[in-house]
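J.: Got a structure for you, written out below as structure tokens; questions coming shortly.
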Amino acid sequence: MYLIYFLLWIIFNGNFTLEICLLGLVIAAVLLAFSCKFMNYSLAKEWKLYRNLFLFLRYCWLLVREIIKANMSAMHMILTQEEEIEPVLVSFHSDLKTQMGKALLANAITLTPGTITVTLEDAEYTVHCLDESMAEGIGEGELTECIRQFENS
């Protein structure tokens with residue numbers, strides 16, 4: 001929150017001078033102290049936010065990378081028409097524990113071109129894939145490992 005308060009101060013000021021920066025540091029500290037006292041916020045939550053920020057940025061990077069790879073694969077499949085496209089339904093079980101983790105994985109699969117999460121019941125996913133080649137390793141990979149790290153932190 002401290003960094004968010006400080007960045008908002010800088011953005012709303014429109015200038016970046018030493019005086020504005022120093023005043024912004026003080027005001028951000030006062031706002032953080034207010035948040036801790038009256039809004040049930042703590043420095044432990046602040047530290048967890050910073051610790052997970054890099055993990056969240058890694059998740060975003062991996063998701064964008066997977067979206068681009070799947071987009072290129074789907075475009076190649078559609079434009080070349082070398083083989084017949086055979087859609088397939090794939091079911092797999094995930095060992096993710098939290099509802100947030102399961103939803104993140106389901107949404108990541110749906111955001112990836114050529115795949116749609118049809119159902120998610122408990123830890124059992126049913127995914128519609130444009131082709132069988134898109135179903136390979138759908139439940140495992142770096143993205144799922146990153147979500148596991150979210151759950152463990």
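Every chain in the structure tokens has a letter given in the order shown (A, B, ...), and although residue numbers restart at 1 in each chain, ligands are simply numbered from 1 in the order shown.
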For the structure I just gave you, how does DSSP split segment 5-149 of chain A - specifically, which residues are helix (DSSP H, G or I)? Reply as a PyMOL selection string.

T.: chain A and resi 5-13+18-38+43-80+99-111+132-135+142-149

J.: With a distance cut-off of 8 Å and only C-alpha atoms, select the neighbouring residues of Leu143 of chain A, excluding the residue or stretch itself and same-chain residues fewer than 4 positions from it, and output the selection as a PyMOL selection string.

T.: chain A and resi 59+62-63+105+147

J.: Listing only residues of segment 103-152 of chain A within 8 Å of segment 79-93 of chain A, what is the closest atom pair and its distance in Å (to one decimal) for each, using only C-alpha atoms, sorted by chain and residue number ascending, as CSV?

T.:
```
residue,atom,partner,partner_atom,distance
A:Ala123,CA,A:His93,CA,5.6
A:Glu124,CA,A:His93,CA,4.6
A:Tyr125,CA,A:Phe92,CA,5.4
A:Thr126,CA,A:Ser91,CA,4.4
A:Val127,CA,A:Val90,CA,5.2
A:His128,CA,A:Leu89,CA,4.6
A:Cys129,CA,A:Val88,CA,5.4
A:Leu130,CA,A:Pro87,CA,4.5
A:Asp131,CA,A:Pro87,CA,4.7
A:Glu132,CA,A:Val88,CA,6.0
A:Ala135,CA,A:Val90,CA,6.9
A:Gly139,CA,A:Phe92,CA,6.7
```

J.: Give me a file of those residues, with N, CA and C atoms, as a JSON list (two decimals), in the first residue's frame.

T.:
```json
[["chain", "number", "residue", "atom", "x", "y", "z"],
["A", 123, "ALA", "N", -11.84, -30.56, -8.31],
["A", 123, "ALA", "CA", -10.54, -30.35, -8.95],
["A", 123, "ALA", "C", -10.50, -31.00, -10.32],
["A", 124, "GLU", "N", -11.67, -31.32, -10.87],
["A", 124, "GLU", "CA", -11.77, -31.99, -12.16],
["A", 124, "GLU", "C", -12.17, -30.97, -13.23],
["A", 125, "TYR", "N", -11.29, -30.78, -14.20],
["A", 125, "TYR", "CA", -11.51, -29.83, -15.28],
["A", 125, "TYR", "C", -11.94, -30.59, -16.53],
["A", 126, "THR", "N", -12.88, -30.02, -17.27],
["A", 126, "THR", "CA", -13.21, -30.49, -18.60],
["A", 126, "THR", "C", -12.96, -29.33, -19.55],
["A", 127, "VAL", "N", -12.10, -29.57, -20.53],
["A", 127, "VAL", "CA", -11.66, -28.50, -21.43],
["A", 127, "VAL", "C", -11.94, -28.90, -22.87],
["A", 128, "HIS", "N", -12.51, -27.98, -23.63],
["A", 128, "HIS", "CA", -12.71, -28.18, -25.06],
["A", 128, "HIS", "C", -11.51, -27.59, -25.78],
["A", 129, "CYS", "N", -10.86, -28.43, -26.60],
["A", 129, "CYS", "CA", -9.68, -27.98, -27.36],
["A", 129, "CYS", "C", -10.00, -28.01, -28.85],
["A", 130, "LEU", "N", -9.48, -27.05, -29.56],
["A", 130, "LEU", "CA", -9.70, -26.96, -30.99],
["A", 130, "LEU", "C", -9.13, -28.18, -31.72],
["A", 131, "ASP", "N", -8.02, -28.69, -31.20],
["A", 131, "ASP", "CA", -7.38, -29.87, -31.77],
["A", 131, "ASP", "C", -6.70, -30.65, -30.66],
["A", 132, "GLU", "N", -6.45, -31.92, -30.89],
["A", 132, "GLU", "CA", -5.84, -32.77, -29.88],
["A", 132, "GLU", "C", -4.43, -32.29, -29.51],
["A", 135, "ALA", "N", -4.22, -30.07, -26.50],
["A", 135, "ALA", "CA", -4.55, -30.67, -25.21],
["A", 135, "ALA", "C", -3.31, -31.22, -24.49],
["A", 139, "GLY", "N", -2.85, -29.47, -18.17],
["A", 139, "GLY", "CA", -3.02, -29.30, -16.72],
["A", 139, "GLY", "C", -1.72, -29.08, -15.97]]
```

J.: Give me, as an MDAnalysis selection string, all polymer residues having an atom no more than 12 Å from Tyr5 of chain A, counting only C-alpha atoms and skipping those fewer than 5 positions away in the same chain.

T.: chainID A and resid 10:12 21 23:35

J.: Restricting the output to N, CA, C and O atoms, write the selected residues as a CSV table (one decimal), in the first residue's frame.

T.:
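The new file out15.csv reads:
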```
chain,number,residue,atom,x,y,z
A,10,ILE,N,2.5,10.8,-6.8
A,10,ILE,CA,3.4,11.3,-7.9
A,10,ILE,C,2.5,11.5,-9.1
A,10,ILE,O,2.6,12.5,-9.8
A,11,ILE,N,1.6,10.6,-9.4
A,11,ILE,CA,0.8,10.6,-10.6
A,11,ILE,C,-0.2,11.8,-10.5
A,11,ILE,O,-0.3,12.6,-11.5
A,12,PHE,N,-0.8,12.0,-9.4
A,12,PHE,CA,-1.8,13.1,-9.3
A,12,PHE,C,-1.1,14.5,-9.2
A,12,PHE,O,-1.7,15.5,-9.6
A,21,CYS,N,8.7,14.6,-4.1
A,21,CYS,CA,9.0,13.2,-3.8
A,21,CYS,C,9.1,13.1,-2.3
A,21,CYS,O,8.5,12.1,-1.7
A,23,LEU,N,7.8,15.0,0.1
A,23,LEU,CA,6.5,15.2,0.7
A,23,LEU,C,5.6,13.9,0.4
A,23,LEU,O,4.8,13.5,1.3
A,24,GLY,N,5.7,13.4,-0.7
A,24,GLY,CA,4.9,12.2,-1.1
A,24,GLY,C,5.3,11.0,-0.2
A,24,GLY,O,4.5,10.2,0.2
A,25,LEU,N,6.6,10.8,0.1
A,25,LEU,CA,7.0,9.8,1.0
A,25,LEU,C,6.4,9.9,2.4
A,25,LEU,O,6.0,9.0,3.0
A,26,VAL,N,6.4,11.2,2.9
A,26,VAL,CA,5.8,11.4,4.2
A,26,VAL,C,4.3,11.2,4.2
A,26,VAL,O,3.7,10.5,5.1
A,27,ILE,N,3.6,11.7,3.2
A,27,ILE,CA,2.1,11.5,3.1
A,27,ILE,C,1.8,10.0,2.9
A,27,ILE,O,0.8,9.6,3.5
A,28,ALA,N,2.6,9.3,2.1
A,28,ALA,CA,2.3,7.9,2.0
A,28,ALA,C,2.5,7.2,3.3
A,28,ALA,O,1.7,6.2,3.7
A,29,ALA,N,3.4,7.6,4.1
A,29,ALA,CA,3.6,6.9,5.4
A,29,ALA,C,2.5,7.2,6.4
A,29,ALA,O,2.0,6.4,7.1
A,30,VAL,N,2.0,8.5,6.3
A,30,VAL,CA,0.8,8.9,7.2
A,30,VAL,C,-0.4,8.1,6.7
A,30,VAL,O,-1.2,7.6,7.6
A,31,LEU,N,-0.6,7.9,5.4
A,31,LEU,CA,-1.8,7.2,5.0
A,31,LEU,C,-1.7,5.7,5.3
A,31,LEU,O,-2.7,5.1,5.7
A,32,LEU,N,-0.5,5.2,5.3
A,32,LEU,CA,-0.3,3.8,5.7
A,32,LEU,C,-0.5,3.6,7.2
A,32,LEU,O,-1.2,2.6,7.6
A,33,ALA,N,-0.1,4.5,8.0
A,33,ALA,CA,-0.3,4.5,9.4
A,33,ALA,C,-1.8,4.5,9.7
A,33,ALA,O,-2.4,3.8,10.5
A,34,PHE,N,-2.5,5.4,9.0
A,34,PHE,CA,-4.0,5.5,9.1
A,34,PHE,C,-4.7,4.2,8.7
A,34,PHE,O,-5.6,3.7,9.4
A,35,SER,N,-4.2,3.6,7.6
A,35,SER,CA,-4.8,2.3,7.1
A,35,SER,C,-4.6,1.2,8.2
A,35,SER,O,-5.4,0.4,8.4
```

J.: Rounded to one decimal in Å, what is the spacing between atom CA of Ala70 of chain A and atom CA of Leu55 of chain A?

T.: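 Atom CA of Ala70 of chain A sits 22.3 Å away from atom CA of Leu55 of chain A.
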